[in-house]
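Here is the structure we will look at, set down as C-alpha cells.
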Amino acid sequence: MSRAETYAATGAAARAPRALWSLGLLRNELLTTFRRWRTLALLAVLAAVPVLVGVAVRIETGGGDPAGGGGGGGPAFISQITDNGLFLVFTAFAATLPFFLPMAIGVVAGDAIAGEASAGTLRYLLVAPAGRTRLLLTKYATVLVFCLAATLVVAVSALATGALLFPLGDLTTISGTRIGFAEGLLRALLIALVVAASLVGVAALGLFVSTLTGSGIAAMATTVGLLITVQILDQIPQLHALQPYFFSHYWLSFADLLREPVYWDDLLRNLGLQALYAAVFGSAAWARFTAKDITA
Amino acid sequence: MAPYGSDGSTTGGETEERGAGRRRAARYVVPVTVMGVAAATIGLVPALADSGDPDLPAISAQRLVEKIAASDTQRLSGTVKISTDLGLPDLGGLESGLMSGAASPSAADGDGGSAADPTAHLTELASGTHTLRVAADGPDRQKVSLLQDAAEYSLIHDGTDVWGYDSASNEVYHSTVPAAGGSGDAAGGRRGELPATPKELAQEALKAVDATTSVTVDGTAQVAGRDAYRLVVEPKQKDSTVGSITIAVDAKTGTPLKFTLSPAAGGAAVVDAGFTQVSFAKPDASTFDFTPPKGAKVTEGDETGTGDTDGTAAAPRATEKALDGGKGLVGGKGLDGAKGLDGAEVIGEGWNAIATFDTGTEGLPTADAGGAFDGFLNSLGDQVKGSFGTGTVFSTRLVNALLTDDGTVYVGAVTKDALVEAADAGK
C-alpha cells in the first residue's frame, strides 16, 4: 500500500498527506470505475449514437437531397449536418442528452455507494482513515469525471464521424450569422462543458439514492426511473408551474450557445438549477451516509 | 490520528450509539436549509429587484407624446418578450392556419411553400409568449429573430435584400425591396422604422389619440434596467373593449420600451410586449450579414408571394400584417385585418369604429365546407337577435365580430351590444 507508506512518512504534517490521500483515493476510484466492463460498455454505446446518426443521415442524403427536408423532424440541427459535419456534434448532444447520457450517469452514480455495499466492500473502504464525508466526496467527484468523460466521448465520436462523412468549414449559427470553423469548434467544446454540467444534478440525485439502499441494482433502477418520470412530467402542459424546477427542464438550452449573440438566460438558469440539485441532494446524501449503519 | 480527530463525521455515529438518533436527524437540517434558502431566494429576489420606481422629473402627457414623436432611435438591439392572449379558442394548429390565412392570401393557398416564409412564423406571435431578438442600424438594416427551442427564425433586412432563415428546417426565403431612402410610399416609410418593437405598437396607439381618448402620465417604471415614464392611453367611449394601454417610455431617448394593452373586462393583458434587455449602441455589423448556408433550400420571394399584386416585398408586409394581429386592435383606425378585404367600410369613430363588409354569401362564409363544419363554427359563437334579423357573434377578449344571417360582417374592438346596435342602424 503505497499511500499508507506515504501517509506514515509524512504523518507529522497533517494537511498535506490528507490531500495526497484523497487524491490517491480519487485515483483508485477512477481506475476502478473506468476499468469496469459496464462503464466501458456504456461509453461504447454513447460513442455509437453519433456514428449511427451520421451514417443514417449520409445514407438518406446519398442522392443529394438535404436531410429532414421540409419537415424539420428528428433531433435539433439534423438538417444542417450534410453541409457541415460539425453540426453532428450538436445533433449528437440533442439526441443523447434527453436519455442516453443521463442514463449512463444514473448507472454510475447509483452504483457508487450501493454497489460497494452490495459487494460487501464498503466497510473495508471505511476502515481506511478516509472518513465518510471524504469517501462520499471522492465518489461524487468520480461520477462528475464520468459525466465529463461521457460527454467528451459523444463529442469526439461525433466530430470524427462528422469529419469523415461530411464536409467541414465555416458554419451558420441558428441566428443566421456566420462564424469561422475555429470558433465553431470552440463553441462545440463550450457546449460539451455545458452538457456535462447539465448532468451534475442527476449525478447528485443518483448518489443520494445510492446511499439509501444496499442494492446497487435497486439504486440504478430508481435513478433511471426517476429520470424517465421527470422527463415525462416535463411534457405535461398542466404542470408548467412546476417544470422550471425539474432538473431536465433546461437541458436543451445548450443550443442557445449557437445563437448570435449568445442567449444566456436559460443557460444560466440551467447551471443554477444543477448547482441547486447538487447542493440539496449532495447534502442529503451526506446526511444519510454519515449517519447510516454500515452492515455490509 | 489527526484525520480521525478532526473529521467529526467519521465515526461519531458509531461510537455514541445512544445519542446518535438525534444527531442523525439533525444532519438532515442541512439539505432542508439549502432548499429553504433557495426557495426564499427565488421568491424574494424578483420582489427586491422590483422595489422602487425611479425618481424622474414630472412631465406632461403632451410633452411625453412629443418626446416619443421626436425620438429617432435608429440604432438599437435587445430582447423583447411578447405575450399575447387574445382569448381565441384554442384550436392548436388550425388556429395558426386560420390566422395566416387571414394575414396573407398567398399563405391560404396551401401551396406548401418554404418553411422559411415569414408569414407562417410571424403569425405565431398572435398567441402565447415568445421571445424576440431585435436589432436595428438605421433604416436599411434590421433584424428580428423569433427564438424557438434549439432553433430560431430570423428575418433580416439588409439594404435591398430581405432574408428569412428558418434554422430548424435549414430553409431560406429571399426577396428584394427598394432601398428605404428611395421609396416614398407608406410601406417604405414604415419599413424604415424599427421592426416589431414596442415603438411601432406605441405609435399605432398614439395615432388614435383624439377627442375620444384620454392620455395621462402615470408615474414611472423600470423597464429593462432603464428609467421610464408610464404613459396611459384610455378610451373615453364606454363601448370599447379596450380598457387601457400603458406605454413605458424611456426617459432619456423617448423610445417606447414596453407596451401593455389591458381589456376593459379586466384580467391579464391582451398584448404585453416589452424589452427585457436593450442597448442603444450600434449593433455589430455582422448581425445583418447573411449568406445562405451551403445546401440550404432557398425560396425566392416571387415564388411564394403570389398574393402580392403591388410588387412590394412580401416579407416586411407579412411582418406588418402579423403584427397587426395585435396592432390592428389598438385603435379603431387601424383595423387592418378588415382593410384588406374589398368593400369594407368603417362606421363610427375613434375607439368605437366598426368595420363592416358584405361576404356576399348567405350566413357563414364556410357554408360550402359542409354542414358539420358549419355547426362547429356556430358552436364557437353566440346567436343574437335584433331588428336586423339574426346573426352570430364571435368573441375574443378584445375583438368581437357579428356575422348576420344575410352575410354582413361587423368587426370591432367594441362590445357585443355595440355591434348589434351598429347592425340595427345599418338596416
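We label chains A, B, ... in the order they appear in the C-alpha cells, count residues from 1 in each chain, and number ligands from 1 in the order shown.
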Worksheet item: If we count only C-alpha atoms, what is near Ile113 of chain A at a cut-off of 6 Å, once residues fewer than 2 positions away on the same chain are taken out, given as a ChimeraX atom specification?
Response: /A:111,115-116,210-211
Discussion item. Applying 9 Å and only C-alpha atoms, which residues near Val200 of chain A remain after dropping the ones on its own chain fewer than 3 positions away? List them as number ranges by chain.
Written reply: A: 143-144, 147, 196-197, 203-205, 274-275, 277-278
Discussion item. If you run DSSP on the backbone here, which positions in segment 16-207 of chain A get helix (DSSP H, G or I)? Please write them as an MDAnalysis selection string.
Written reply: chainID A and resid 16:35 37:60 78:80 87:96 100:119 122:127 132:165 181:198 200:207
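Of the listed residues (A:Val107, A:Val202, A:Glu29, A:Leu273), A:Glu29 comes nearest to Leu125 of chain A; the distances count only C-alpha atoms.
Using only C-alpha atoms, the contacts of segment 382-394 of chain B at a cut-off of 7 Å, with sequence neighbours closer than 3 positions omitted, comprise Asn400, Ala401, Leu402, Leu403, Thr404, Asp405, Val420, Ala423, Asp424 and Lys427 of chain B.
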Worksheet item: Which residues in segment 11-219 of chain A does DSSP call strand (DSSP E)? List them as number ranges by chain.
Response: A: 171-172, 178-179
Give me a file of those residues, with N, CA, C and O atoms, as a PDB file, in the first residue's frame.
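Produced file again.pdb, reproduced below:
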```pdb
ATOM      1  N   LEU A 171     -19.444  27.790 -40.220  1.00  0.00           N
ATOM      2  CA  LEU A 171     -20.819  27.373 -40.009  1.00  0.00           C
ATOM      3  C   LEU A 171     -21.737  28.564 -39.775  1.00  0.00           C
ATOM      4  O   LEU A 171     -21.303  29.632 -39.364  1.00  0.00           O
ATOM      5  N   THR A 172     -22.995  28.344 -40.109  1.00  0.00           N
ATOM      6  CA  THR A 172     -24.020  29.359 -39.922  1.00  0.00           C
ATOM      7  C   THR A 172     -24.676  29.103 -38.576  1.00  0.00           C
ATOM      8  O   THR A 172     -25.158  28.006 -38.323  1.00  0.00           O
ATOM      9  N   ARG A 178     -22.605  34.061 -39.643  1.00  0.00           N
ATOM     10  CA  ARG A 178     -21.584  33.045 -39.918  1.00  0.00           C
ATOM     11  C   ARG A 178     -20.442  33.174 -38.927  1.00  0.00           C
ATOM     12  O   ARG A 178     -20.040  34.281 -38.578  1.00  0.00           O
ATOM     13  N   ILE A 179     -19.916  32.046 -38.487  1.00  0.00           N
ATOM     14  CA  ILE A 179     -18.708  32.061 -37.667  1.00  0.00           C
ATOM     15  C   ILE A 179     -17.701  31.093 -38.278  1.00  0.00           C
ATOM     16  O   ILE A 179     -18.090  30.154 -38.977  1.00  0.00           O
TER      17      ILE A 179
END
```
Worksheet item: Ala114 of chain A: which residues within 10 Å, counting only C-alpha atoms, same-chain residues fewer than 3 positions away excluded, as a PyMOL selection string?
Response: chain A and resi 109-111+117-120+122+207-220+296
Can you write out the residues you just picked, keeping N, CA and C atoms, as a PDB file, in the first residue's frame?
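Resulting contents of out_31.pdb:
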```pdb
ATOM      1  N   ALA A 109     -23.699   6.630 -10.969  1.00  0.00           N
ATOM      2  CA  ALA A 109     -23.951   7.290  -9.684  1.00  0.00           C
ATOM      3  C   ALA A 109     -24.699   6.364  -8.741  1.00  0.00           C
ATOM      4  N   GLY A 110     -25.698   5.645  -9.281  1.00  0.00           N
ATOM      5  CA  GLY A 110     -26.468   4.748  -8.437  1.00  0.00           C
ATOM      6  C   GLY A 110     -25.601   3.645  -7.860  1.00  0.00           C
ATOM      7  N   ASP A 111     -24.599   3.265  -8.617  1.00  0.00           N
ATOM      8  CA  ASP A 111     -23.723   2.185  -8.186  1.00  0.00           C
ATOM      9  C   ASP A 111     -22.696   2.646  -7.152  1.00  0.00           C
ATOM     10  N   ALA A 117     -21.751  -1.418  -1.218  1.00  0.00           N
ATOM     11  CA  ALA A 117     -22.458  -2.058  -0.113  1.00  0.00           C
ATOM     12  C   ALA A 117     -22.881  -3.469  -0.498  1.00  0.00           C
ATOM     13  N   SER A 118     -23.397  -3.636  -1.719  1.00  0.00           N
ATOM     14  CA  SER A 118     -23.887  -4.959  -2.081  1.00  0.00           C
ATOM     15  C   SER A 118     -22.733  -5.919  -2.372  1.00  0.00           C
ATOM     16  N   ALA A 119     -21.574  -5.369  -2.731  1.00  0.00           N
ATOM     17  CA  ALA A 119     -20.423  -6.243  -2.954  1.00  0.00           C
ATOM     18  C   ALA A 119     -19.703  -6.541  -1.639  1.00  0.00           C
ATOM     19  N   GLY A 120     -20.152  -5.874  -0.585  1.00  0.00           N
ATOM     20  CA  GLY A 120     -19.539  -6.112   0.718  1.00  0.00           C
ATOM     21  C   GLY A 120     -18.205  -5.428   0.903  1.00  0.00           C
ATOM     22  N   LEU A 122     -17.858  -1.988   1.143  1.00  0.00           N
ATOM     23  CA  LEU A 122     -17.983  -0.640   1.699  1.00  0.00           C
ATOM     24  C   LEU A 122     -17.307  -0.534   3.059  1.00  0.00           C
ATOM     25  N   LEU A 207     -26.463   9.746  -6.509  1.00  0.00           N
ATOM     26  CA  LEU A 207     -25.631   9.480  -5.340  1.00  0.00           C
ATOM     27  C   LEU A 207     -26.480   9.377  -4.083  1.00  0.00           C
ATOM     28  N   PHE A 208     -27.471  10.261  -3.977  1.00  0.00           N
ATOM     29  CA  PHE A 208     -28.363  10.237  -2.817  1.00  0.00           C
ATOM     30  C   PHE A 208     -29.134   8.919  -2.778  1.00  0.00           C
ATOM     31  N   VAL A 209     -29.700   8.537  -3.923  1.00  0.00           N
ATOM     32  CA  VAL A 209     -30.437   7.273  -3.983  1.00  0.00           C
ATOM     33  C   VAL A 209     -29.508   6.127  -3.595  1.00  0.00           C
ATOM     34  N   SER A 210     -28.270   6.241  -4.021  1.00  0.00           N
ATOM     35  CA  SER A 210     -27.298   5.190  -3.762  1.00  0.00           C
ATOM     36  C   SER A 210     -27.016   5.010  -2.271  1.00  0.00           C
ATOM     37  N   THR A 211     -27.158   6.099  -1.494  1.00  0.00           N
ATOM     38  CA  THR A 211     -26.920   5.963  -0.056  1.00  0.00           C
ATOM     39  C   THR A 211     -28.128   5.382   0.662  1.00  0.00           C
ATOM     40  N   LEU A 212     -29.269   5.327  -0.028  1.00  0.00           N
ATOM     41  CA  LEU A 212     -30.492   4.888   0.637  1.00  0.00           C
ATOM     42  C   LEU A 212     -30.597   3.377   0.696  1.00  0.00           C
ATOM     43  N   THR A 213     -29.953   2.703  -0.234  1.00  0.00           N
ATOM     44  CA  THR A 213     -30.182   1.265  -0.343  1.00  0.00           C
ATOM     45  C   THR A 213     -28.860   0.498  -0.332  1.00  0.00           C
ATOM     46  N   GLY A 214     -28.942  -0.757  -0.046  1.00  0.00           N
ATOM     47  CA  GLY A 214     -27.752  -1.583  -0.057  1.00  0.00           C
ATOM     48  C   GLY A 214     -27.617  -2.378  -1.336  1.00  0.00           C
ATOM     49  N   SER A 215     -28.539  -2.136  -2.265  1.00  0.00           N
ATOM     50  CA  SER A 215     -28.521  -2.909  -3.509  1.00  0.00           C
ATOM     51  C   SER A 215     -28.166  -2.002  -4.677  1.00  0.00           C
ATOM     52  N   GLY A 216     -27.087  -2.297  -5.345  1.00  0.00           N
ATOM     53  CA  GLY A 216     -26.639  -1.468  -6.459  1.00  0.00           C
ATOM     54  C   GLY A 216     -27.655  -1.400  -7.585  1.00  0.00           C
ATOM     55  N   ILE A 217     -28.249  -2.562  -7.907  1.00  0.00           N
ATOM     56  CA  ILE A 217     -29.233  -2.614  -8.988  1.00  0.00           C
ATOM     57  C   ILE A 217     -30.430  -1.737  -8.654  1.00  0.00           C
ATOM     58  N   ALA A 218     -30.899  -1.817  -7.395  1.00  0.00           N
ATOM     59  CA  ALA A 218     -32.064  -1.031  -6.991  1.00  0.00           C
ATOM     60  C   ALA A 218     -31.774   0.458  -7.145  1.00  0.00           C
ATOM     61  N   ALA A 219     -30.565   0.880  -6.752  1.00  0.00           N
ATOM     62  CA  ALA A 219     -30.218   2.294  -6.835  1.00  0.00           C
ATOM     63  C   ALA A 219     -30.179   2.765  -8.290  1.00  0.00           C
ATOM     64  N   MET A 220     -29.570   1.940  -9.164  1.00  0.00           N
ATOM     65  CA  MET A 220     -29.512   2.324 -10.579  1.00  0.00           C
ATOM     66  C   MET A 220     -30.916   2.406 -11.162  1.00  0.00           C
ATOM     67  N   ALA A 296     -22.801  -3.856   5.568  1.00  0.00           N
ATOM     68  CA  ALA A 296     -22.200  -4.712   4.548  1.00  0.00           C
ATOM     69  C   ALA A 296     -20.890  -4.118   4.064  1.00  0.00           C
TER      70      ALA A 296
END
```
Item to complete: Determine, counting only C-alpha atoms, which protein, DNA and RNA residues have an atom within 12 Å of an atom of Ala104 of chain A; residues of the same chain fewer than 5 positions away are not included. Present the result as a PyMOL selection string.
Response: chain A and resi 38-46+96-99+109-111+143-144+146-151+199+202-203+206+220-221+223-224+227
File dump, residues just selected, N, CA and C atoms, as a compact mmCIF listing (two decimals), in the first residue's frame:
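Okay, selection.txt is ready:
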```
# COMPACT_ATOMS: atom_id res chain seq x y z
N ARG A 38 -18.72 -2.64 -17.45
CA ARG A 38 -20.01 -1.96 -17.53
C ARG A 38 -19.81 -0.51 -18.01
N THR A 39 -18.83 0.16 -17.39
CA THR A 39 -18.55 1.55 -17.77
C THR A 39 -18.12 1.64 -19.22
N LEU A 40 -17.24 0.71 -19.61
CA LEU A 40 -16.74 0.75 -20.98
C LEU A 40 -17.88 0.49 -21.97
N ALA A 41 -18.80 -0.41 -21.60
CA ALA A 41 -19.93 -0.69 -22.48
C ALA A 41 -20.81 0.55 -22.62
N LEU A 42 -21.02 1.25 -21.50
CA LEU A 42 -21.83 2.48 -21.54
C LEU A 42 -21.20 3.50 -22.48
N LEU A 43 -19.88 3.67 -22.33
CA LEU A 43 -19.18 4.64 -23.17
C LEU A 43 -19.24 4.23 -24.64
N ALA A 44 -19.16 2.91 -24.89
CA ALA A 44 -19.22 2.43 -26.26
C ALA A 44 -20.59 2.73 -26.87
N VAL A 45 -21.65 2.53 -26.08
CA VAL A 45 -23.00 2.84 -26.57
C VAL A 45 -23.08 4.32 -26.91
N LEU A 46 -22.55 5.15 -26.00
CA LEU A 46 -22.60 6.60 -26.22
C LEU A 46 -21.84 6.98 -27.49
N THR A 96 -28.58 12.52 -27.44
CA THR A 96 -28.19 11.70 -26.28
C THR A 96 -28.54 12.36 -24.94
N LEU A 97 -28.64 13.69 -24.93
CA LEU A 97 -28.86 14.35 -23.64
C LEU A 97 -30.19 13.98 -22.99
N PRO A 98 -31.27 13.84 -23.75
CA PRO A 98 -32.51 13.52 -23.05
C PRO A 98 -32.48 12.16 -22.37
N PHE A 99 -31.74 11.18 -22.91
CA PHE A 99 -31.83 9.87 -22.29
C PHE A 99 -30.50 9.12 -22.10
N ALA A 109 -23.70 6.63 -10.97
CA ALA A 109 -23.95 7.29 -9.68
C ALA A 109 -24.70 6.36 -8.74
N GLY A 110 -25.70 5.64 -9.28
CA GLY A 110 -26.47 4.75 -8.44
C GLY A 110 -25.60 3.65 -7.86
N ASP A 111 -24.60 3.27 -8.62
CA ASP A 111 -23.72 2.18 -8.19
C ASP A 111 -22.70 2.65 -7.15
N VAL A 143 -18.03 10.41 -10.15
CA VAL A 143 -19.21 10.47 -11.01
C VAL A 143 -19.12 11.69 -11.93
N LEU A 144 -18.66 12.83 -11.37
CA LEU A 144 -18.56 14.05 -12.18
C LEU A 144 -17.53 13.87 -13.29
N PHE A 146 -16.86 11.12 -14.67
CA PHE A 146 -17.51 10.27 -15.65
C PHE A 146 -18.48 11.08 -16.54
N CYS A 147 -19.19 12.06 -15.93
CA CYS A 147 -20.07 12.95 -16.70
C CYS A 147 -19.28 13.60 -17.82
N LEU A 148 -18.14 14.16 -17.45
CA LEU A 148 -17.32 14.88 -18.42
C LEU A 148 -16.80 13.91 -19.48
N ALA A 149 -16.33 12.74 -19.02
CA ALA A 149 -15.78 11.76 -19.95
C ALA A 149 -16.85 11.29 -20.94
N ALA A 150 -18.05 11.02 -20.42
CA ALA A 150 -19.13 10.53 -21.29
C ALA A 150 -19.47 11.59 -22.33
N THR A 151 -19.54 12.86 -21.89
CA THR A 151 -19.87 13.94 -22.82
C THR A 151 -18.79 14.07 -23.89
N LEU A 199 -25.48 17.54 -16.27
CA LEU A 199 -25.68 16.21 -15.69
C LEU A 199 -25.33 16.17 -14.20
N VAL A 202 -28.39 15.20 -11.96
CA VAL A 202 -28.71 13.76 -11.97
C VAL A 202 -27.67 13.00 -11.17
N ALA A 203 -26.42 13.39 -11.29
CA ALA A 203 -25.35 12.71 -10.56
C ALA A 203 -25.59 12.79 -9.06
N GLY A 206 -28.54 10.62 -8.11
CA GLY A 206 -28.16 9.21 -8.12
C GLY A 206 -27.34 8.83 -6.90
N MET A 220 -29.57 1.94 -9.16
CA MET A 220 -29.51 2.32 -10.58
C MET A 220 -30.92 2.41 -11.16
N ALA A 221 -31.75 1.39 -10.87
CA ALA A 221 -33.10 1.35 -11.43
C ALA A 221 -33.90 2.55 -10.95
N THR A 223 -32.79 5.50 -9.94
CA THR A 223 -32.30 6.74 -10.55
C THR A 223 -32.79 6.87 -11.98
N VAL A 224 -32.66 5.79 -12.75
CA VAL A 224 -33.09 5.86 -14.15
C VAL A 224 -34.61 6.02 -14.22
N LEU A 227 -35.46 9.55 -13.58
CA LEU A 227 -35.11 10.32 -14.77
C LEU A 227 -36.23 10.26 -15.80
```
Response to the item:
In terms of only C-alpha atoms, the residue from A:Ala255, A:Val57, A:Leu193, A:Leu137 at minimal distance from chain B is A:Ala255
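Minimum distance to Gly131 of chain A across A:Thr290, A:Thr161, A:Thr32, A:Gln238 (counting only C-alpha atoms) occurs at A:Thr290.
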Worksheet item: Pick the closest to chain B from A:Thr173, A:Thr138, A:Thr222, A:Ser22: which is it, counting only C-alpha atoms?
Response: A:Thr173
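Between atom CA of Ala413 of chain B and atom CA of Val399 of chain B the separation is 4.4 Å.
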Got a sec: who's within 9 Å of Asp149 of chain B, counting only C-alpha atoms, leaving out chain neighbours fewer than 5 positions off, as a PDB file with C-alpha atoms, in the first residue's frame?
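Saved as out.pdb:
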```pdb
ATOM      1  CA  ALA A  76     -32.296  19.506 -33.471  1.00  0.00           C
ATOM      2  CA  LEU A 252     -31.643  21.669 -24.358  1.00  0.00           C
ATOM      3  CA  SER A 253     -30.655  25.259 -23.582  1.00  0.00           C
ATOM      4  CA  ALA A 255     -28.374  25.175 -28.162  1.00  0.00           C
ATOM      5  CA  ASP A 256     -28.549  28.828 -27.060  1.00  0.00           C
TER       6      ASP A 256
END
```
Discussion item. Please list as a PyMOL selection string every residue within 10 Å of segment 163-165 of chain B, counting only C-alpha atoms and excluding residues in the same chain fewer than 2 positions away.
Written reply: (chain A and resi 174-176) or (chain B and resi 114-118+121+143-145+152-158+160-161+167-176+288-293+296-301+315)
Keeping C-alpha atoms for every residue in the selection just given, could you write it to a file as a short mmCIF file (atom, residue, chain, number, x, y, z; two decimals), in the first residue's frame?
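Writing the result to again.cif gives the following:
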```
data_model
loop_
_atom_site.label_atom_id
_atom_site.label_comp_id
_atom_site.auth_asym_id
_atom_site.auth_seq_id
_atom_site.Cartn_x
_atom_site.Cartn_y
_atom_site.Cartn_z
CA ILE A 174 -29.03 29.42 -35.85
CA SER A 175 -29.40 33.22 -35.87
CA GLY A 176 -28.21 33.23 -39.47
CA SER B 114 -40.96 27.37 -47.94
CA ALA B 115 -40.81 26.74 -44.23
CA ALA B 116 -38.87 29.99 -44.14
CA ASP B 117 -41.80 32.01 -45.43
CA PRO B 118 -42.16 34.87 -42.94
CA HIS B 121 -43.68 32.25 -38.47
CA LYS B 143 -33.19 42.02 -37.95
CA VAL B 144 -35.88 40.24 -35.99
CA SER B 145 -35.35 36.76 -34.65
CA GLU B 152 -34.52 30.35 -34.47
CA TYR B 153 -36.40 32.08 -37.22
CA SER B 154 -34.65 35.23 -38.39
CA LEU B 155 -35.88 37.91 -40.69
CA ILE B 156 -33.02 40.06 -41.87
CA HIS B 157 -33.34 43.26 -43.87
CA ASP B 158 -30.00 44.38 -45.22
CA THR B 160 -32.21 45.75 -50.72
CA ASP B 161 -32.27 42.16 -49.53
CA SER B 167 -32.76 27.15 -38.77
CA ALA B 168 -34.99 24.21 -37.80
CA SER B 169 -35.55 23.19 -41.42
CA ASN B 170 -32.46 24.96 -42.79
CA GLU B 171 -34.54 26.80 -45.35
CA VAL B 172 -34.05 30.29 -46.65
CA TYR B 173 -36.53 32.77 -48.01
CA HIS B 174 -35.28 35.66 -50.08
CA SER B 175 -36.84 38.69 -51.63
CA THR B 176 -35.71 42.16 -52.58
CA PHE B 288 -27.04 41.82 -40.60
CA ASP B 289 -24.77 39.82 -42.86
CA PHE B 290 -26.48 36.81 -44.22
CA THR B 291 -25.27 34.30 -46.75
CA PRO B 292 -27.45 31.26 -47.26
CA PRO B 293 -25.68 28.23 -45.81
CA ALA B 296 -29.95 25.21 -47.66
CA LYS B 297 -33.09 25.35 -49.76
CA VAL B 298 -33.60 28.93 -50.94
CA THR B 299 -37.05 30.09 -51.93
CA GLU B 300 -37.27 33.36 -53.83
CA GLY B 301 -39.99 35.72 -52.67
CA ALA B 315 -41.59 39.84 -46.11
#
```
